[in-house]
$ cat start_21.txt   # compact mmCIF, C-alpha atoms
# COMPACT_ATOMS: atom_id res chain seq x y z
CA MET R 165 21.78 -30.71 19.95
CA ILE R 166 21.50 -30.67 16.14
CA GLU R 167 18.40 -32.88 16.32
CA ARG R 168 16.88 -30.52 18.87
CA ILE R 169 17.43 -27.55 16.56
CA LYS R 170 15.91 -29.46 13.64
CA SER R 171 12.84 -30.35 15.68
CA LEU R 172 12.40 -26.69 16.67
CA LEU R 173 12.68 -25.59 13.03
CA ASN R 174 9.90 -28.05 12.16
CA ASN R 175 7.72 -26.91 15.06
CA GLU R 176 4.98 -24.46 14.01
CA GLY R 177 4.86 -22.77 17.38
CA ALA R 178 8.64 -22.26 17.48
CA ILE R 179 8.71 -20.86 13.93
CA TYR R 180 5.84 -18.45 14.66
CA PHE R 181 7.57 -17.41 17.89
CA LEU R 182 10.79 -16.76 15.94
CA SER R 183 8.97 -14.72 13.27
CA SER R 184 7.49 -12.49 16.01
CA LEU R 185 10.97 -12.13 17.49
CA VAL R 186 12.49 -11.14 14.13
CA TYR R 187 9.79 -8.54 13.43
CA SER R 188 10.03 -7.15 16.98
CA PHE R 189 13.80 -6.92 16.61
CA SER R 190 13.45 -4.89 13.40
CA THR R 191 11.17 -2.46 15.27
CA TYR R 192 13.59 -2.39 18.19
CA LEU R 193 16.42 -1.32 15.88
CA ILE R 194 14.37 1.69 14.81
CA ALA R 195 13.56 2.62 18.41
CA LEU R 196 17.21 2.17 19.37
CA LEU R 197 18.94 4.00 16.52
CA ILE R 198 16.67 6.70 15.11
CA PRO R 199 16.76 8.89 18.29
CA TYR R 200 20.48 9.50 17.64
CA LYS R 201 19.57 11.13 14.32
CA LEU R 202 17.07 13.50 15.98
CA ASN R 203 16.99 16.36 18.47
CA LEU R 204 14.53 16.74 21.36
CA GLU R 205 11.77 18.38 19.31
CA SER R 206 11.92 16.00 16.34
CA MET R 207 12.25 13.03 18.72
CA ALA R 208 9.10 14.17 20.52
CA GLU R 209 7.18 14.20 17.21
CA PHE R 210 8.68 10.96 15.93
CA SER R 211 7.90 8.99 19.08
CA ALA R 212 4.42 10.49 19.50
CA VAL R 213 3.46 9.62 15.92
CA PHE R 214 5.12 6.18 16.25
CA ASN R 215 2.82 5.34 19.16
CA ILE R 216 -0.25 6.86 17.55
CA VAL R 217 0.41 4.84 14.37
CA MET R 218 0.39 1.68 16.52
CA LEU R 219 -2.83 2.86 18.14
CA LEU R 220 -4.50 3.67 14.80
CA SER R 221 -3.58 0.22 13.46
CA PHE R 222 -5.79 -1.19 16.23
CA VAL R 223 -8.50 1.39 15.49
CA PHE R 224 -8.78 0.26 11.86
CA GLU R 225 -8.31 -3.47 12.55
CA LEU R 226 -12.00 -3.63 13.60
CA GLY R 227 -11.55 -6.91 15.50
CA ILE R 228 -11.52 -9.09 12.40
CA VAL R 229 -8.21 -10.88 13.14
CA THR R 230 -9.45 -12.54 16.32
CA SER R 231 -12.86 -13.21 14.78
CA PHE R 232 -11.28 -14.81 11.70
CA LEU R 233 -8.91 -17.03 13.68
CA ARG R 234 -11.82 -18.16 15.86
CA HIS R 235 -14.42 -18.73 13.13
CA ASN R 236 -12.00 -20.17 10.59
CA GLN R 237 -11.96 -23.39 12.63
CA ILE R 238 -15.76 -23.60 12.46
CA TYR R 239 -16.94 -22.14 9.12
CA LYS R 240 -15.22 -22.54 5.73
CA VAL R 241 -16.85 -19.35 4.49
CA SER R 242 -14.84 -17.33 7.06
CA GLY R 243 -11.98 -16.93 4.56
CA TYR R 244 -14.26 -15.14 2.10
CA ILE R 245 -15.71 -12.88 4.79
CA ASN R 246 -12.22 -12.09 6.04
CA ALA R 247 -10.99 -11.13 2.55
CA PHE R 248 -14.00 -8.87 1.92
CA LEU R 249 -13.54 -7.05 5.26
CA GLN R 250 -9.79 -6.63 4.79
CA LEU R 251 -10.33 -5.00 1.39
CA SER R 252 -12.99 -2.76 2.93
CA ILE R 253 -10.54 -1.64 5.65
CA PHE R 254 -7.89 -0.93 3.01
CA ILE R 255 -10.32 1.40 1.20
CA LEU R 256 -11.48 2.95 4.50
CA ILE R 257 -7.93 3.93 5.50
CA LEU R 258 -7.32 5.55 2.12
CA ILE R 259 -10.57 7.52 2.50
CA PHE R 260 -9.54 8.78 5.96
CA SER R 261 -6.09 9.77 4.68
CA LYS R 262 -7.50 11.93 1.88
CA THR R 263 -10.80 13.34 3.14
CA ILE R 264 -12.22 15.52 5.89
CA LEU R 265 -12.92 12.36 7.92
CA GLY R 266 -9.23 12.30 8.78
CA ASN R 267 -9.61 15.66 10.54
CA TRP R 268 -11.80 14.01 13.18
CA LEU R 269 -9.17 11.36 13.98
CA ASP R 270 -6.44 14.01 13.90
CA GLY R 271 -8.22 15.88 16.68
CA LEU R 272 -9.01 12.75 18.69
CA PHE R 273 -5.40 11.50 18.71
CA GLY R 274 -3.56 14.84 18.75
CA LEU R 275 -2.21 14.53 15.19
CA GLY R 276 -3.18 18.06 14.29
CA SER R 277 -0.18 19.37 16.24
CA VAL R 278 2.50 17.32 14.43
CA SER R 279 4.33 18.27 11.23
CA ILE R 280 4.47 14.79 9.64
CA ALA R 281 2.22 14.61 6.57
CA ARG R 282 -1.08 12.85 7.14
CA GLU R 283 -0.53 10.65 4.06
CA TYR R 284 2.65 9.19 5.57
CA ILE R 285 0.92 8.54 8.88
CA TYR R 286 -2.03 6.70 7.33
CA LEU R 287 0.17 4.80 4.87
CA SER R 288 2.24 3.64 7.86
CA VAL R 289 -0.95 2.51 9.58
CA LEU R 290 -2.05 0.73 6.40
CA SER R 291 1.31 -1.01 5.99
CA ILE R 292 1.51 -2.30 9.55
CA LEU R 293 -2.13 -3.41 9.48
CA MET R 294 -1.69 -5.23 6.17
CA TRP R 295 1.30 -7.07 7.70
CA ILE R 296 -0.91 -8.17 10.60
CA PHE R 297 -3.59 -9.38 8.16
CA PHE R 298 -1.06 -11.09 5.88
CA LYS R 299 0.61 -12.87 8.79
CA ASN R 300 -2.63 -14.15 10.28
CA ASN R 301 -3.95 -15.28 6.88
CA LEU R 302 -0.81 -17.40 6.52
CA LEU R 303 -1.27 -18.67 10.08
CA ALA R 304 -4.83 -19.80 9.28
CA GLN R 305 -3.53 -21.54 6.14
CA LYS R 306 -0.74 -23.18 8.22
CA LYS R 307 1.94 -21.57 6.02
CA ILE R 308 4.07 -20.68 9.01
CA LYS R 309 7.42 -20.71 7.18
CA LEU R 310 6.21 -17.99 4.81
CA ILE R 311 5.61 -15.76 7.84
CA ILE R 312 9.22 -15.98 8.97
CA TYR R 313 10.53 -15.42 5.42
CA ASN R 314 8.55 -12.19 5.24
CA ALA R 315 9.62 -11.16 8.76
CA PHE R 316 13.26 -11.50 7.66
CA TRP R 317 12.47 -9.49 4.52
CA ILE R 318 11.10 -6.63 6.66
CA LEU R 319 14.22 -6.80 8.83
CA PHE R 320 16.50 -6.74 5.76
CA VAL R 321 14.77 -3.70 4.19
CA ARG R 322 14.72 -1.79 7.47
CA VAL R 323 18.42 -2.47 8.08
CA PHE R 324 19.18 -1.33 4.52
CA PHE R 325 17.40 1.99 5.03
CA LEU R 326 18.86 2.48 8.52
CA ILE R 327 22.34 2.17 6.99
CA TYR R 328 21.34 4.66 4.30
CA ILE R 329 19.93 7.11 6.87
CA PHE R 330 22.99 6.98 9.13
CA PHE R 331 25.80 6.84 6.61
CA TYR R 332 24.52 8.49 3.44
CA THR R 333 22.37 11.39 4.69
CA SER R 334 23.42 14.40 6.72
CA LYS R 335 19.86 15.47 7.44
CA ILE R 336 16.57 13.65 6.89
CA SER R 337 12.93 14.64 7.40
CA LEU R 338 10.52 12.71 9.58
CA ASN R 339 8.38 12.13 6.49
CA HIS R 340 11.21 10.24 4.82
CA ILE R 341 11.98 8.24 7.99
CA TYR R 342 8.41 6.99 8.03
CA LEU R 343 8.48 6.31 4.28
CA TYR R 344 11.71 4.27 4.46
CA LEU R 345 11.05 2.36 7.70
CA PHE R 346 7.27 2.01 8.00
CA ILE R 347 5.94 1.96 4.44
CA ILE R 348 8.43 0.61 1.87
CA PRO R 349 9.35 -2.57 3.87
CA PHE R 350 5.71 -3.71 3.70
CA VAL R 351 4.98 -3.03 0.02
CA VAL R 352 5.62 -6.62 -1.13
CA MET R 353 3.27 -8.07 1.51
CA LEU R 354 0.66 -5.45 0.67
CA VAL R 355 0.68 -6.49 -3.00
CA PHE R 356 0.38 -10.20 -2.19
CA LEU R 357 -2.38 -9.59 0.36
CA LEU R 358 -4.43 -7.49 -2.06
CA ARG R 359 -3.96 -10.11 -4.79
CA ASP R 360 -5.13 -12.96 -2.53
CA ASN R 361 -8.08 -11.02 -1.11
CA ILE R 362 -9.28 -9.93 -4.55
CA LYS R 363 -9.19 -13.58 -5.67
CA PHE R 364 -11.25 -14.57 -2.63
CA VAL R 365 -13.84 -11.89 -3.30
CA PHE R 366 -14.19 -12.91 -6.97
CA ASN R 367 -14.60 -16.56 -5.92
CA LEU R 368 -17.27 -15.45 -3.47
CA LYS R 369 -19.62 -14.73 -6.38
CA ASP R 370 -19.50 -18.40 -7.38
CA LEU R 371 -20.07 -19.51 -3.77
CA ILE R 372 -23.22 -17.45 -3.25
CA GLY R 373 -24.63 -18.16 -6.69
CA ASP R 374 -26.90 -20.73 -5.05
CA LYS R 375 -29.73 -19.17 -2.98
CA ARG R 376 -29.17 -21.70 -0.19
CA ASN R 377 -25.56 -20.60 0.07
CA ILE R 378 -26.63 -16.95 0.24
CA ASN R 379 -28.65 -17.62 3.41
CA ILE R 380 -25.77 -19.55 4.97
CA PHE R 381 -23.37 -16.78 4.03
CA ARG R 382 -25.60 -14.13 5.62
CA LYS R 383 -25.85 -16.07 8.89
CA ARG R 384 -22.10 -16.67 9.04
CA LEU R 385 -21.38 -13.03 8.13
CA LYS R 386 -23.67 -11.82 10.92
CA LYS R 387 -21.94 -14.03 13.52
CA PHE R 388 -18.50 -13.02 12.25
CA ILE R 389 -19.26 -9.29 12.34
CA ASN R 390 -21.04 -9.41 15.72
CA PHE R 391 -18.03 -11.13 17.29
CA SER R 392 -15.66 -8.73 15.48
CA ILE R 393 -17.49 -5.62 16.69
CA LEU R 394 -17.44 -6.68 20.34
CA THR R 395 -13.82 -7.81 20.08
CA TYR R 396 -12.97 -4.52 18.39
CA PHE R 397 -14.40 -2.35 21.15
CA ILE R 398 -12.59 -4.46 23.72
CA ALA R 399 -9.26 -4.18 21.89
CA ILE R 400 -9.52 -0.49 21.10
CA LEU R 401 -10.44 0.34 24.70
CA TYR R 402 -7.45 -1.65 25.91
CA VAL R 403 -4.95 -0.13 23.47
CA TYR R 404 -6.29 3.42 23.83
CA THR R 405 -6.12 3.06 27.62
CA GLY R 406 -2.50 1.90 27.43
CA ARG R 407 -1.52 4.86 25.25
CA TYR R 408 -3.86 7.49 26.68
CA VAL R 409 -0.97 9.22 28.44
CA ILE R 410 0.86 9.57 25.09
CA VAL R 411 -2.22 11.07 23.46
CA TYR R 412 -2.56 13.47 26.42
CA VAL R 413 1.03 14.79 26.36
CA THR R 414 0.93 15.05 22.54
CA ASP R 415 -2.30 17.04 22.60
CA HIS R 416 -0.86 19.36 25.27
CA GLN R 417 2.53 19.63 23.48
CA MET R 418 4.56 18.61 26.55
CA LYS R 419 7.73 18.14 24.47
CA GLN R 420 10.06 16.70 27.13
CA LEU R 421 7.48 14.15 28.27
CA MET R 422 6.55 13.39 24.66
CA ALA R 423 10.16 12.46 23.94
CA GLU R 424 10.75 10.52 27.16
CA LEU R 425 7.45 8.64 27.17
CA GLY R 426 7.64 8.04 23.44
CA TYR R 427 11.12 6.56 23.82
CA ALA R 428 9.91 4.33 26.67
CA PHE R 429 6.78 3.28 24.77
CA SER R 430 8.85 2.28 21.76
CA PHE R 431 10.38 -0.45 23.93
CA PHE R 432 6.96 -1.37 25.28
CA GLY R 433 5.76 -1.64 21.67
CA LEU R 434 8.11 -4.57 21.19
CA VAL R 435 6.45 -6.37 24.09
CA LEU R 436 2.97 -5.55 22.74
CA VAL R 437 3.75 -6.87 19.24
CA PHE R 438 5.16 -10.02 20.76
CA ILE R 439 2.17 -10.54 23.10
CA THR R 440 -0.33 -9.95 20.29
CA SER R 441 1.45 -12.42 18.00
CA ILE R 442 1.54 -15.18 20.61
CA ARG R 443 -2.11 -14.57 21.55
CA SER R 444 -3.14 -14.81 17.88
CA TYR R 445 -1.25 -18.08 17.48
CA LEU R 446 -2.82 -19.65 20.59
CA ILE R 447 -6.33 -18.45 19.71
CA SER R 448 -5.95 -20.08 16.29
CA LYS R 449 -5.14 -23.38 18.02
CA PHE R 450 -7.85 -23.48 20.67
CA ASN R 451 -11.15 -25.18 19.98
CA ILE R 452 -13.89 -25.17 22.62
CA SER R 453 -14.66 -28.82 21.86
CA ASP R 454 -11.13 -29.90 22.84
CA MET R 455 -11.52 -29.49 26.60
CA ASP R 456 -8.64 -31.85 27.44
CA ALA R 457 -6.14 -29.67 25.59
CA ILE R 458 -7.49 -26.54 27.32
CA GLU R 459 -7.25 -28.19 30.75
CA LYS R 460 -3.60 -29.16 30.13
CA TYR R 461 -2.85 -25.63 28.91
CA VAL R 462 -4.35 -24.03 32.06
CA LYS R 463 -2.33 -26.33 34.37
CA LYS R 464 0.86 -25.59 32.44
CA ILE R 465 0.36 -21.80 32.62
CA ASN R 466 -0.36 -21.97 36.36
CA SER R 467 2.84 -23.94 36.97
CA TYR R 468 4.91 -21.12 35.46
CA ARG R 469 3.51 -18.20 37.48
CA TYR R 470 6.38 -17.75 40.00
CA LYS R 471 9.06 -18.16 37.33
CA PHE R 472 7.23 -15.60 35.17
CA PHE R 473 7.06 -13.03 37.97
CA LEU R 474 10.80 -13.40 38.62
CA LEU R 475 11.45 -13.17 34.88
CA SER R 476 9.42 -9.93 34.64
CA ILE R 477 11.63 -8.25 37.26
CA VAL R 478 14.85 -9.46 35.61
CA ILE R 479 13.75 -8.32 32.12
CA SER R 480 12.69 -4.91 33.47
CA ILE R 481 16.03 -4.35 35.22
CA ILE R 482 18.02 -5.42 32.15
CA MET R 483 15.99 -3.30 29.72
CA SER R 484 16.07 -0.19 31.92
CA TYR R 485 19.84 -0.57 32.42
CA ILE R 486 20.34 -0.85 28.65
CA VAL R 487 18.25 2.30 28.18
CA PHE R 488 20.32 4.06 30.86
CA LEU R 489 23.49 3.25 28.89
CA ILE R 490 22.26 4.03 25.38
CA LYS R 491 19.64 6.79 25.70
CA PRO R 492 20.37 10.08 23.85
CA SER R 493 21.77 12.86 26.02
CA TYR R 494 18.68 15.07 25.58
CA LEU R 495 16.57 12.51 27.49
CA SER R 496 16.64 12.60 31.30
CA ASP R 497 16.93 9.61 33.63
CA ARG R 498 13.16 9.78 33.98
CA SER R 499 12.91 7.87 30.69
CA VAL R 500 14.80 4.97 32.33
CA VAL R 501 12.21 4.85 35.13
CA PHE R 502 9.38 4.93 32.56
CA VAL R 503 10.94 1.95 30.73
CA PHE R 504 11.28 -0.06 33.96
CA ILE R 505 7.65 0.56 34.96
CA LEU R 506 6.30 -0.16 31.46
CA ILE R 507 8.24 -3.38 30.87
CA LEU R 508 7.46 -4.74 34.34
CA SER R 509 3.74 -4.03 34.08
CA TYR R 510 3.35 -5.36 30.54
CA VAL R 511 5.35 -8.52 31.10
CA LEU R 512 3.00 -9.23 34.03
CA ILE R 513 0.04 -8.43 31.79
CA ALA R 514 1.56 -10.79 29.20
CA TYR R 515 1.40 -13.62 31.73
CA TYR R 516 -2.20 -12.89 32.73
CA SER R 517 -3.16 -12.55 29.06
CA LEU R 518 -2.14 -16.17 28.50
CA ILE R 519 -5.14 -16.98 30.69
CA THR R 520 -7.49 -14.20 29.56
CA LEU R 521 -7.09 -15.18 25.89
CA LEU R 522 -9.38 -18.12 26.74
CA SER R 523 -12.14 -15.51 26.97
CA LYS R 524 -12.11 -15.51 23.13
CA THR R 525 -12.58 -19.27 22.97
CA PHE R 526 -15.38 -19.28 25.57
CA ASN R 527 -16.79 -15.90 24.41
CA PHE R 528 -16.54 -13.92 27.66
CA ASN R 529 -16.37 -10.70 25.64
CA GLN R 530 -19.01 -8.73 27.55
CA LEU R 531 -17.13 -9.21 30.81
CA GLU R 532 -13.88 -8.08 29.18
CA LEU R 533 -15.59 -5.01 27.71
CA LEU R 534 -16.88 -3.97 31.15
CA LEU R 535 -13.47 -4.39 32.79
CA ASN R 536 -11.76 -2.43 30.00
CA ILE R 537 -14.15 0.47 30.56
CA VAL R 538 -13.25 0.43 34.26
CA ARG R 539 -9.54 0.32 33.34
CA LEU R 540 -9.90 3.34 31.02
CA ILE R 541 -11.65 5.37 33.72
CA LEU R 542 -8.91 4.55 36.26
CA VAL R 543 -6.16 5.53 33.81
CA ILE R 544 -7.83 8.82 32.84
CA LEU R 545 -8.19 9.73 36.51
CA SER R 546 -4.53 8.82 37.16
CA VAL R 547 -3.33 11.02 34.29
CA HIS R 548 -5.49 14.08 35.07
CA LEU R 549 -5.21 13.99 38.88
CA ILE R 550 -1.67 12.70 39.50
CA PHE R 551 0.46 12.41 36.34
CA VAL R 552 0.20 16.09 35.35
CA LYS R 553 1.76 17.10 38.70
CA TYR R 554 3.90 14.05 39.52
CA PRO R 555 4.75 12.23 36.24
CA ILE R 556 6.53 9.22 37.78
CA GLY R 557 3.99 8.75 40.60
CA GLY R 558 1.09 9.07 38.17
CA PHE R 559 2.73 6.65 35.75
CA ILE R 560 3.13 4.06 38.51
CA ILE R 561 -0.53 4.41 39.53
CA LEU R 562 -1.89 4.10 35.98
CA ASN R 563 0.24 0.98 35.32
CA ILE R 564 -0.88 -0.59 38.61
CA SER R 565 -4.44 -0.02 37.38
CA MET R 566 -3.63 -1.74 34.07
CA VAL R 567 -2.13 -4.81 35.77
CA ALA R 568 -4.78 -5.03 38.49
CA ILE R 569 -7.67 -5.17 36.02
CA GLU R 570 -5.89 -7.84 33.95
CA TYR R 571 -5.30 -9.88 37.13
CA ILE R 572 -8.98 -9.64 38.12
CA PHE R 573 -10.06 -10.65 34.62
CA ALA R 574 -7.65 -13.62 34.62
CA ARG R 575 -9.01 -14.84 37.97
CA ILE R 576 -12.62 -14.64 36.75
CA VAL R 577 -11.81 -16.38 33.42
CA LEU R 578 -9.89 -19.12 35.25
CA LYS R 579 -12.81 -19.82 37.58
CA ARG R 580 -15.32 -19.93 34.71
CA VAL R 581 -13.10 -22.19 32.60
CA GLN R 582 -12.51 -24.58 35.50
CA ARG R 583 -16.27 -24.85 36.01
CA SER R 584 -16.58 -25.84 32.35
CA LEU R 585 -13.89 -28.53 32.50

$ encode --input "start_21.txt" --output "structure tokens"
Amino acid sequence: MIERIKSLLNNEGAIYFLSSLVYSFSTYLIALLIPYKLNLESMAEFSAVFNIVMLLSFVFELGIVTSFLRHNQIYKVSGYINAFLQLSIFILILIFSKTILGNWLDGLFGLGSVSIAREYIYLSVLSILMWIFFKNNLLAQKKIKLIIYNAFWILFVRVFFLIYIFFYTSKISLNHIYLYLFIIPFVVMLVFLLRDNIKFVFNLKDLIGDKRNINIFRKRLKKFINFSILTYFIAILYVYTGRYVIVYVTDHQMKQLMAELGYAFSFFGLVLVFITSIRSYLISKFNISDMDAIEKYVKKINSYRYKFFLLSIVISIIMSYIVFLIKPSYLSDRSVVFVFILILSYVLIAYYSLITLLSKTFNFNQLELLLNIVRLILVILSVHLIFVKYPIGGFIILNISMVAIEYIFARIVLKRVQRSL
């Protein structure tokens, strides 16, 4: 048993898996505990902004994580391109937080109707996004243990401030909750990331000093950005589709649904963070030239499908029962139903995504873009035609649409990959 534990601690995949679990747990603690410090109205705002912050982190990510993990295996210059783009995104977020450009995003995502200061919202987006960049930079450098050390640091700081909020404050503003739980825990990683990226950019001047290297750099940059842009539109369509209902109820100030859906989506956020982390790890490992490894992976995933479906039902029942027991009194039992539907649908999507992630290795991005547009249209129709009158029925329909499109995409990817093997 001890030897087994040692082998797991020396396994990169297991350590990365554990780091995702630790970070997700720290987020879960916030979703679990903070509602008890709030009333219905403040909970509605907190949960709506929480989900929109997650959404905006995808908006500003610009697809460079997937592009970097893919191209880093092929081109050495990818590290320099990645550093330059990450610094550019850092500056871009600051510009949006302080200028009239932020007004456009406020209107698009319903932020104009919330009382939380824009600076805190965008700094939260910046912090979470810098953690994603920092983690994936370490993954590309194979410094997996540093990822888990930093995940535990985030957990420690969040627990510290949760204790402070619950035991040493009688009343606290939403601005301070976001400052303590979504900004301060990431400051150390932000400093290290900026330091490393600035070093990369300064070293870039030496690399492109030779005219031959300039031409190579331009070609690699073009490929990197083209892949990033397409990946970005795919990702943002997917994430916006998944959270469209939150944006809708926030924009229309449907307070009860804002609170109930926001509470449910906070649990779904744990699943999403976990799925994204595992996908990033696997994408970093796949190489299109290693067809034998891909073939073994496909067979292994297929062998787990029935166990995964059973697991999805079990997890959904357990999570919804926990929510039933612990939810604040101002939330109705409808929030329990929302949690069950969300967890079930996204655990199923998690399984199909283990197949569809191969679309990044084989570059099936145009197909994924088309299917994500179809998925968005189906969800918008479900919200406007059914959800507004029958929230639970509409929520079931829109989640069926989400799962169905992922299933169709997985089937198409599987057939194309098998033809290539």

$ closest_atom_pairs --input "start_21.txt" --of "segment 403-422 of chain R" --to "segment 206-211 of chain R" --cutoff "8 Å" --atoms "all atoms listed in the file" --output "JSON lines"
{"residue": "R:Lys419", "atom": "CA", "partner": "R:Ala208", "partner_atom": "CA", "distance": 5.8}
{"residue": "R:Gln420", "atom": "CA", "partner": "R:Ala208", "partner_atom": "CA", "distance": 7.1}
{"residue": "R:Leu421", "atom": "CA", "partner": "R:Ala208", "partner_atom": "CA", "distance": 7.9}
{"residue": "R:Met422", "atom": "CA", "partner": "R:Ala208", "partner_atom": "CA", "distance": 4.9}

$ atom_distance --input "start_21.txt" --atom1 "atom CA of Leu338 of chain R" --atom2 "atom CA of Ala423 of chain R"
14.4 Å

$ closest_residue --input "start_21.txt" --among "R:Asn203, R:Ser337, R:Ser188, R:Ser231" --to "Lys387 of chain R" --atoms "all atoms listed in the file"
R:Ser231

$ residues_near_point --input "start_21.txt" --point "(18.3, 4.4, 27.1)" --cutoff "9 Å" --atoms "only C-alpha atoms" --output "JSON, numbers by chain"
{"R": [196, 427, 428, 483, 484, 485, 486, 487, 488, 489, 490, 491, 492, 495, 497, 499, 500, 503]}

$ atom_distance --input "start_21.txt" --atom1 "atom CA of Thr405 of chain R" --atom2 "atom CA of Leu425 of chain R"
14.7 Å

$ residues_around --input "start_21.txt" --residues "segment 318-323 of chain R" --least-positions-apart "4" --cutoff "12 Å" --atoms "all atoms listed in the file" --output "JSON, numbers by chain"
{"R": [183, 184, 185, 186, 187, 188, 189, 190, 191, 192, 193, 194, 195, 197, 198, 291, 292, 295, 311, 312, 313, 314, 327, 328, 329, 330, 331, 341, 342, 343, 344, 345, 346, 347, 348, 349, 350, 351, 352, 353]}

$ atom_distance --input "start_21.txt" --atom1 "atom CA of Ile479 of chain R" --atom2 "atom CA of Phe504 of chain R"
8.8 Å

$ residues_around --input "start_21.txt" --residues "Thr263 of chain R" --least-positions-apart "6" --cutoff "12 Å" --atoms "all atoms listed in the file" --output "number ranges by chain"
R: 256-257, 269-270, 282-283, 286

$ residues_around --input "start_21.txt" --residues "Val511 of chain R" --least-positions-apart "4" --cutoff "7 Å" --atoms "all atoms listed in the file" --output "ChimeraX atom specification"
/R:476,507,515

$ axis_aligned_box --input "start_21.txt" --around "segment 347-365 of chain R" --padding-each-side "4 Å" --output "JSON"
{"center_x": -2.2, "center_y": -6.3, "center_z": -0.6, "size_x": 31.2, "size_y": 24.5, "size_z": 18.1}

$ residues_around --input "start_21.txt" --residues "segment 544-556 of chain R" --least-positions-apart "2" --cutoff "9 Å" --atoms "all atoms listed in the file" --output "ChimeraX atom specification"
/R:405,408-409,412,421,498,501-502,539-542,558-562,565

$ closest_residue --input "start_21.txt" --among "R:Glu225, R:Phe388, R:Leu287, R:Ile410" --to "Ile259 of chain R" --atoms "only C-alpha atoms"
R:Leu287

$ closest_residue --input "start_21.txt" --among "R:Val413, R:Leu394, R:Leu401, R:Leu578" --to "Leu535 of chain R" --atoms "all atoms listed in the file"
R:Leu401

$ closest_atom_pairs --input "start_21.txt" --of "segment 501-547 of chain R" --to "segment 455-474 of chain R" --cutoff "8 Å" --atoms "all atoms listed in the file" --output "Markdown table"
| residue | atom | partner | partner_atom | distance |
| --- | --- | --- | --- | --- |
| R:Leu512 | CA | R:Phe473 | CA | 6.8 |
| R:Tyr515 | CA | R:Phe472 | CA | 7.1 |
| R:Leu518 | CA | R:Ile465 | CA | 7.4 |
| R:Ile519 | CA | R:Val462 | CA | 7.2 |

$ residues_around --input "start_21.txt" --residues "Leu533 of chain R" --least-positions-apart "4" --cutoff "7 Å" --atoms "all atoms listed in the file" --output "list in words"
Ile398, Asn529 and Ile537 of chain R

$ closest_residue --input "start_21.txt" --among "R:Ile505, R:Ile576, R:Ile389, R:Leu522" --to "Gly557 of chain R" --atoms "only C-alpha atoms"
R:Ile505
